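Novice: Input data_21.tsv, format and content: TSV, C-alpha atoms.
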chain	number	residue	atom	x	y	z
A	1	MET	CA	16.89	-10.11	4.98
A	2	ASP	CA	18.06	-7.29	7.22
A	3	ALA	CA	20.33	-4.80	5.50
A	4	LEU	CA	23.99	-5.02	6.54
A	5	ILE	CA	24.30	-1.27	6.05
A	6	PRO	CA	21.39	0.76	7.47
A	7	ARG	CA	19.45	2.65	4.83
A	8	PRO	CA	18.70	6.24	5.84
A	9	PRO	CA	15.27	7.85	5.46
A	10	ALA	CA	14.76	9.72	2.22
A	11	ARG	CA	12.42	12.47	1.06
A	12	LEU	CA	11.37	11.92	-2.55
A	13	GLY	CA	9.25	15.05	-2.76
A	14	PRO	CA	7.35	17.48	-0.54
A	15	GLY	CA	5.31	15.24	1.74
A	16	ALA	CA	6.77	12.01	0.29
A	17	VAL	CA	8.98	10.10	2.74
A	18	HIS	CA	10.64	6.67	2.64
A	19	ARG	CA	11.48	5.15	6.03
A	20	PRO	CA	13.43	1.89	5.51
A	21	GLY	CA	12.99	-0.90	8.04
A	22	TRP	CA	10.24	0.89	9.92
A	23	LEU	CA	8.07	-2.12	10.63
A	24	PRO	CA	9.63	-4.63	13.07
A	25	LYS	CA	9.76	-8.29	12.05
A	26	GLU	CA	7.15	-9.33	14.62
A	27	GLN	CA	4.65	-6.79	13.29
A	28	GLN	CA	5.38	-7.95	9.77
A	29	ARG	CA	4.48	-11.49	10.82
A	30	GLN	CA	1.27	-10.26	12.45
A	31	LEU	CA	0.29	-8.39	9.30
A	32	VAL	CA	1.00	-11.42	7.11
A	33	THR	CA	-1.28	-13.52	9.34
A	34	ALA	CA	-4.01	-10.87	9.17
A	35	CYS	CA	-3.67	-10.56	5.39
A	36	ARG	CA	-4.14	-14.30	4.99
A	37	GLU	CA	-7.41	-14.07	6.91
A	38	TRP	CA	-8.60	-11.09	4.87
A	39	ALA	CA	-7.59	-12.83	1.62
A	40	ALA	CA	-10.01	-15.67	2.41
A	41	GLY	CA	-13.02	-13.36	2.41
A	42	PRO	CA	-15.82	-12.42	2.77
A	43	VAL	CA	-14.54	-10.83	-0.46
A	44	PRO	CA	-11.49	-12.90	-1.42
A	45	LEU	CA	-8.18	-11.92	-2.91
A	46	ARG	CA	-8.58	-11.60	-6.69
A	47	HIS	CA	-7.13	-10.19	-9.90
A	48	THR	CA	-9.04	-6.97	-10.63
A	49	ARG	CA	-10.60	-6.69	-14.07
A	50	LEU	CA	-10.20	-3.31	-15.75
A	51	PRO	CA	-13.04	-1.57	-17.64
A	52	ARG	CA	-11.53	-2.34	-21.05
A	53	GLY	CA	-11.23	-6.03	-20.27
A	54	GLY	CA	-7.64	-6.26	-19.09
A	55	VAL	CA	-6.75	-7.96	-15.82
A	56	MET	CA	-4.28	-6.54	-13.29
A	57	SER	CA	-1.25	-8.75	-12.60
A	58	VAL	CA	-1.38	-8.00	-8.87
A	59	GLN	CA	-4.00	-9.62	-6.66
A	60	THR	CA	-6.02	-7.37	-4.36
A	61	VAL	CA	-8.24	-7.59	-1.30
A	62	CYS	CA	-9.84	-4.56	0.36
A	63	LEU	CA	-10.92	-3.55	3.85
A	64	GLY	CA	-13.58	-1.03	4.83
A	65	TRP	CA	-14.46	-0.04	1.29
A	66	HIS	CA	-14.18	-2.15	-1.85
A	67	TRP	CA	-12.19	-0.60	-4.67
A	68	GLN	CA	-12.83	-1.40	-8.27
A	69	PRO	CA	-11.80	0.76	-11.22
A	70	TYR	CA	-12.47	3.55	-10.51
A	71	ARG	CA	-14.71	3.87	-7.47
A	72	TYR	CA	-15.36	2.66	-3.95
A	73	THR	CA	-18.39	0.70	-2.75
A	74	ARG	CA	-19.22	-1.13	0.45
A	75	THR	CA	-20.05	-4.33	-1.41
A	76	ALA	CA	-18.06	-6.10	-4.10
A	77	GLY	CA	-20.49	-6.23	-7.01
A	78	ASP	CA	-17.67	-7.20	-9.37
A	79	VAL	CA	-16.64	-10.22	-7.26
A	80	ASN	CA	-19.32	-11.94	-5.17
A	81	GLY	CA	-21.66	-9.18	-3.99
A	82	SER	CA	-20.49	-9.45	-0.37
A	83	ARG	CA	-19.61	-6.60	1.94
A	84	VAL	CA	-15.87	-6.30	2.48
A	85	ALA	CA	-14.25	-6.99	5.84
A	86	ALA	CA	-14.29	-4.13	8.33
A	87	PHE	CA	-11.32	-1.81	8.66
A	88	PRO	CA	-9.80	-2.47	12.12
A	89	GLU	CA	-8.98	0.33	14.53
A	90	TRP	CA	-5.56	-1.17	15.30
A	91	LEU	CA	-4.62	-0.67	11.64
A	92	ALA	CA	-5.73	2.96	11.78
A	93	GLU	CA	-3.57	3.46	14.85
A	94	LEU	CA	-0.61	1.97	12.99
A	95	GLY	CA	-1.25	4.51	10.24
A	96	ARG	CA	-1.23	7.39	12.70
A	97	ARG	CA	2.07	6.22	14.16
A	98	ALA	CA	3.48	5.87	10.66
A	99	LEU	CA	2.68	9.50	9.85
A	100	ALA	CA	4.21	10.75	13.09
A	101	ASP	CA	7.43	8.85	12.42
A	102	ALA	CA	7.61	9.63	8.70
A	103	TYR	CA	7.23	13.35	9.24
A	104	ASP	CA	9.20	13.42	12.54
A	105	ASP	CA	6.23	15.16	14.11
A	106	PRO	CA	4.29	13.57	17.00
A	107	ASP	CA	1.22	15.55	15.97
A	108	ALA	CA	1.27	14.52	12.29
A	109	GLY	CA	-1.05	11.58	12.88
A	110	GLU	CA	-3.67	13.51	14.81
A	111	GLY	CA	-6.98	13.44	12.98
A	112	TYR	CA	-5.76	10.81	10.52
A	113	ASP	CA	-8.60	8.32	10.31
A	114	PRO	CA	-8.08	5.90	7.40
A	115	ASP	CA	-11.20	3.93	6.53
A	116	THR	CA	-9.95	1.66	3.75
A	117	ALA	CA	-6.94	-0.48	2.96
A	118	LEU	CA	-5.96	-1.89	-0.42
A	119	ILE	CA	-3.80	-4.95	0.06
A	120	ASN	CA	-1.90	-5.98	-3.07
A	121	PHE	CA	-0.01	-9.23	-3.50
A	122	TYR	CA	2.76	-9.32	-6.12
A	123	ASP	CA	4.27	-12.53	-7.37
A	124	GLY	CA	7.56	-12.38	-9.28
A	125	ARG	CA	5.85	-11.38	-12.53
A	126	ALA	CA	3.45	-8.75	-11.21
A	127	LYS	CA	3.86	-5.04	-11.86
A	128	MET	CA	1.85	-1.88	-11.35
A	129	GLY	CA	1.76	0.79	-14.04
A	130	MET	CA	2.15	4.47	-13.27
A	131	HIS	CA	-1.08	5.80	-11.79
A	132	GLN	CA	-2.51	8.31	-9.34
A	133	ASP	CA	-4.49	7.37	-6.23
A	134	LYS	CA	-7.30	9.79	-6.96
A	135	ASP	CA	-10.55	7.87	-6.39
A	136	GLU	CA	-10.68	9.13	-2.81
A	137	GLN	CA	-12.57	12.30	-1.94
A	138	SER	CA	-9.84	13.30	0.47
A	139	GLY	CA	-6.34	14.68	0.24
A	140	ALA	CA	-5.19	12.89	3.41
A	141	PRO	CA	-1.86	11.06	3.05
A	142	VAL	CA	-1.49	7.50	1.81
A	143	VAL	CA	0.46	5.20	4.12
A	144	SER	CA	2.17	2.29	2.35
A	145	LEU	CA	3.75	-0.73	4.06
A	146	SER	CA	5.87	-3.37	2.29
A	147	ILE	CA	6.40	-6.98	3.39
A	148	GLY	CA	8.28	-9.76	1.59
A	149	ASP	CA	10.29	-9.47	-1.59
A	150	THR	CA	11.92	-6.16	-2.44
A	151	CYS	CA	10.43	-4.18	-5.33
A	152	LEU	CA	11.59	-1.34	-7.54
A	153	PHE	CA	9.15	1.48	-6.82
A	154	ARG	CA	8.88	4.43	-9.19
A	155	PHE	CA	7.69	7.71	-7.68
A	156	GLY	CA	6.93	10.48	-10.11
A	157	ASN	CA	5.30	13.88	-10.38
A	158	THR	CA	1.70	15.08	-10.22
A	159	THR	CA	1.21	16.01	-13.87
A	160	THR	CA	2.52	13.19	-16.06
A	161	ARG	CA	3.34	9.47	-15.99
A	162	GLY	CA	6.74	10.26	-17.45
A	163	ARG	CA	9.79	12.01	-16.10
A	164	PRO	CA	10.77	13.36	-13.72
A	165	TYR	CA	10.55	10.34	-11.44
A	166	THR	CA	12.73	8.57	-8.89
A	167	ASP	CA	13.27	4.83	-8.59
A	168	VAL	CA	13.73	3.44	-5.09
A	169	GLU	CA	13.87	-0.09	-3.70
A	170	LEU	CA	11.20	-0.87	-1.13
A	171	ALA	CA	12.19	-3.81	1.07
A	172	SER	CA	10.33	-5.77	3.71
A	173	GLY	CA	9.36	-3.55	6.63
A	174	ASP	CA	9.72	-0.30	4.68
A	175	LEU	CA	7.29	2.56	5.14
A	176	PHE	CA	6.45	5.01	2.38
A	177	VAL	CA	4.13	7.98	2.97
A	178	PHE	CA	2.95	10.46	0.39
A	179	GLY	CA	0.79	13.42	1.28
A	180	GLY	CA	0.62	17.18	0.92
A	181	PRO	CA	1.86	18.41	-2.50
A	182	SER	CA	2.89	14.83	-3.39
A	183	ARG	CA	-0.44	13.21	-2.54
A	184	PHE	CA	-1.50	12.81	-6.18
A	185	ALA	CA	1.91	11.97	-7.63
A	186	TYR	CA	2.05	9.19	-10.22
A	187	HIS	CA	3.69	6.04	-8.93
A	188	GLY	CA	4.08	2.37	-9.81
A	189	VAL	CA	6.04	-0.84	-9.34
A	190	THR	CA	8.31	-1.80	-12.22
A	191	ARG	CA	9.84	-4.99	-10.84
A	192	VAL	CA	9.78	-7.47	-7.96
A	193	PHE	CA	13.08	-9.09	-7.00
A	194	GLU	CA	12.16	-12.70	-6.32
A	195	GLY	CA	13.74	-14.46	-3.37
A	196	THR	CA	14.78	-11.28	-1.53
A	197	GLY	CA	12.23	-11.56	1.26
A	198	ASP	CA	12.79	-13.18	4.64
A	199	PRO	CA	10.61	-16.28	5.24
A	200	ALA	CA	10.68	-15.36	8.94
A	201	THR	CA	7.97	-12.80	8.14
A	202	GLY	CA	5.64	-15.71	7.36
A	203	LEU	CA	5.67	-14.90	3.66
A	204	ALA	CA	7.65	-17.53	1.77
A	205	SER	CA	7.61	-15.66	-1.54
A	206	GLY	CA	6.12	-12.60	-3.20
A	207	ARG	CA	5.43	-9.13	-1.89
A	208	LEU	CA	2.57	-7.68	0.14
A	209	ASN	CA	1.83	-3.98	-0.10
A	210	ILE	CA	-0.71	-2.53	2.32
A	211	THR	CA	-1.91	1.00	1.63
A	212	LEU	CA	-4.05	2.90	4.12
A	213	ARG	CA	-6.27	5.65	2.79
A	214	VAL	CA	-9.02	8.07	3.77
A	215	THR	CA	-11.87	7.81	1.24
A	216	GLY	CA	-13.82	10.85	2.43
A	217	LEU	CA	-16.97	8.85	1.71
A	218	THR	CA	-20.01	8.21	3.90
A	219	ASP	CA	-22.53	5.39	3.72
Take the structure in the file and give it back as structure tokens.
Specialist:
Amino acid sequence: MDALIPRPPARLGPGAVHRPGWLPKEQQRQLVTACREWAAGPVPLRHTRLPRGGVMSVQTVCLGWHWQPYRYTRTAGDVNGSRVAAFPEWLAELGRRALADAYDDPDAGEGYDPDTALINFYDGRAKMGMHQDKDEQSGAPVVSLSIGDTCLFRFGNTTTRGRPYTDVELASGDLFVFGGPSRFAYHGVTRVFEGTGDPATGLASGRLNITLRVTGLTD
């Protein structure tokens, strides 16, 4: 639901910006519809299996490049061998606009050309341990969009999974960008607050997190 008291933007580190309520409700609905289509395949939404045999509690589907621990490929050899869905230009344009608004700089999005998206779905039990997004061969910013239930997001430092870190609630429509000196900061999701999302987004329960990234890879 919409916040009764507007939440101001916050800077959690150099290059790390939280913009609450950035994504309008209509665009949230459009993204939910698109995510449902992507979740159906050609490489479907799935729980990712880790190298040591564990299974991630979040469910993931990828665009452009397929991520599996800890590399990118064009085809999903760990799922069904299919090539992942293409990364759409309209989503890249959304990422460029996100950077310009997050950094209050109309030129910040120039040259930003994300070529992959990791779309994670969290049910009420899902979490994400502290980790770095470091499988990309690029230091371009990560653009993160939240839809659905609010989560408790933990944003840390670049050297350790432990303190110092900051906990912040990410609600539906929130934008979070981390680039520059904060690009490789550890981060994770410690909790999802069930029932806090607005069904008007088209998502009855759970949380969608869409992260746009530049892999720096070529075919």
Novice: Counting all atoms listed in the file, which of A:Val189, A:Tyr122, A:His66, A:Val214 gets nearest to A:Gly95?
Specialist: A:Val214
Novice: From the set A:Leu94, A:Asn209, A:Tyr112, A:Tyr186, which residue has the shortest atom-to-atom contact distance to A:Gln27, counting all atoms listed in the file?
Specialist: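 Looking at the shortest contact to A:Gln27, the residue is A:Leu94.
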Novice: To one decimal place, how far is atom CA of A:Asp113 from atom CA of A:Arg83 in Å?
Specialist: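 About the pair atom CA of A:Asp113 and atom CA of A:Arg83: they are 20.3 Å apart.
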Novice: Near A:Gly129, counting all atoms listed in the file, which residues have an atom at most 9 Å away, once you skip same-chain residues fewer than 3 positions from it, shown as a list in words?
Specialist: His187, Gly188, Val189 and Thr190 of chain A
Novice: Please save C-alpha atoms of the selected residues as a PDB file, keeping the file's coordinate frame.
Specialist:
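Wrote it out as again.pdb, contents follow:
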ATOM      1  CA  HIS A 187       3.690   6.040  -8.930  1.00  0.00           C
ATOM      2  CA  GLY A 188       4.080   2.370  -9.810  1.00  0.00           C
ATOM      3  CA  VAL A 189       6.040  -0.840  -9.340  1.00  0.00           C
ATOM      4  CA  THR A 190       8.310  -1.800 -12.220  1.00  0.00           C
TER       5      THR A 190
END
Novice: What does the distance from atom CA of A:Ala108 to atom CA of A:Leu63 come to in Å, to one decimal?
Specialist: 23.4 Å
Novice: To one decimal in Å, tell me the separation between atom CA of A:Gly21 and atom CA of A:Ala86.
Specialist: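 For atom CA of A:Gly21 relative to atom CA of A:Ala86, the distance reads 27.5 Å.
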Novice: Which is closer to A:Pro88 than all the others in A:Asp167, A:Asp115, A:Asp174, A:Asp104, using only C-alpha atoms?
Specialist: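 Ranking A:Asp167, A:Asp115, A:Asp174, A:Asp104 by distance to A:Pro88, first place goes to A:Asp115.
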Novice: List every protein, DNA or RNA residue that has an atom no more than 12 Å from (-20.0, -4.8, -4.2) in the file's coordinate frame, counting all atoms listed in the file, and report them as JSON, numbers by chain.
Specialist: {"A": [42, 43, 62, 64, 65, 66, 67, 68, 71, 72, 73, 74, 75, 76, 77, 78, 79, 80, 81, 82, 83, 84, 85]}
Novice: Give the answer as one residue: which of A:Asp135, A:Gly41, A:Ala140, A:Gly148 has the shortest atom-to-atom distance to A:Ala204, using all atoms listed in the file?
Specialist: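 Of A:Asp135, A:Gly41, A:Ala140, A:Gly148, the one nearest A:Ala204 is A:Gly148, counting all atoms listed in the file.
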Novice: Using all atoms listed in the file, which of the listed residues (A:Val58, A:Ala185, A:Leu212, A:Leu170) sits closest to A:Phe87?
Specialist: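 Checking each candidate against A:Phe87, we get A:Leu212 as the closest.
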Novice: I need the residue nearest A:Ala171 from this list: A:Ala200, A:Leu208, A:Ala126, A:Leu50. Use all atoms listed in the file for the distance.
Specialist: A:Leu208
Novice: Set up a box along x, y and z of the file covering all listed atoms of stretch 193-197 of chain A, add 5 Å on every one of the six sides, and write the centre and edge lengths in Å to one decimal, as AutoDock Vina command-line options.
Specialist:
--center_x 13.5 --center_y -11.8 --center_z -2.9 --size_x 12.6 --size_y 15.4 --size_z 18.3
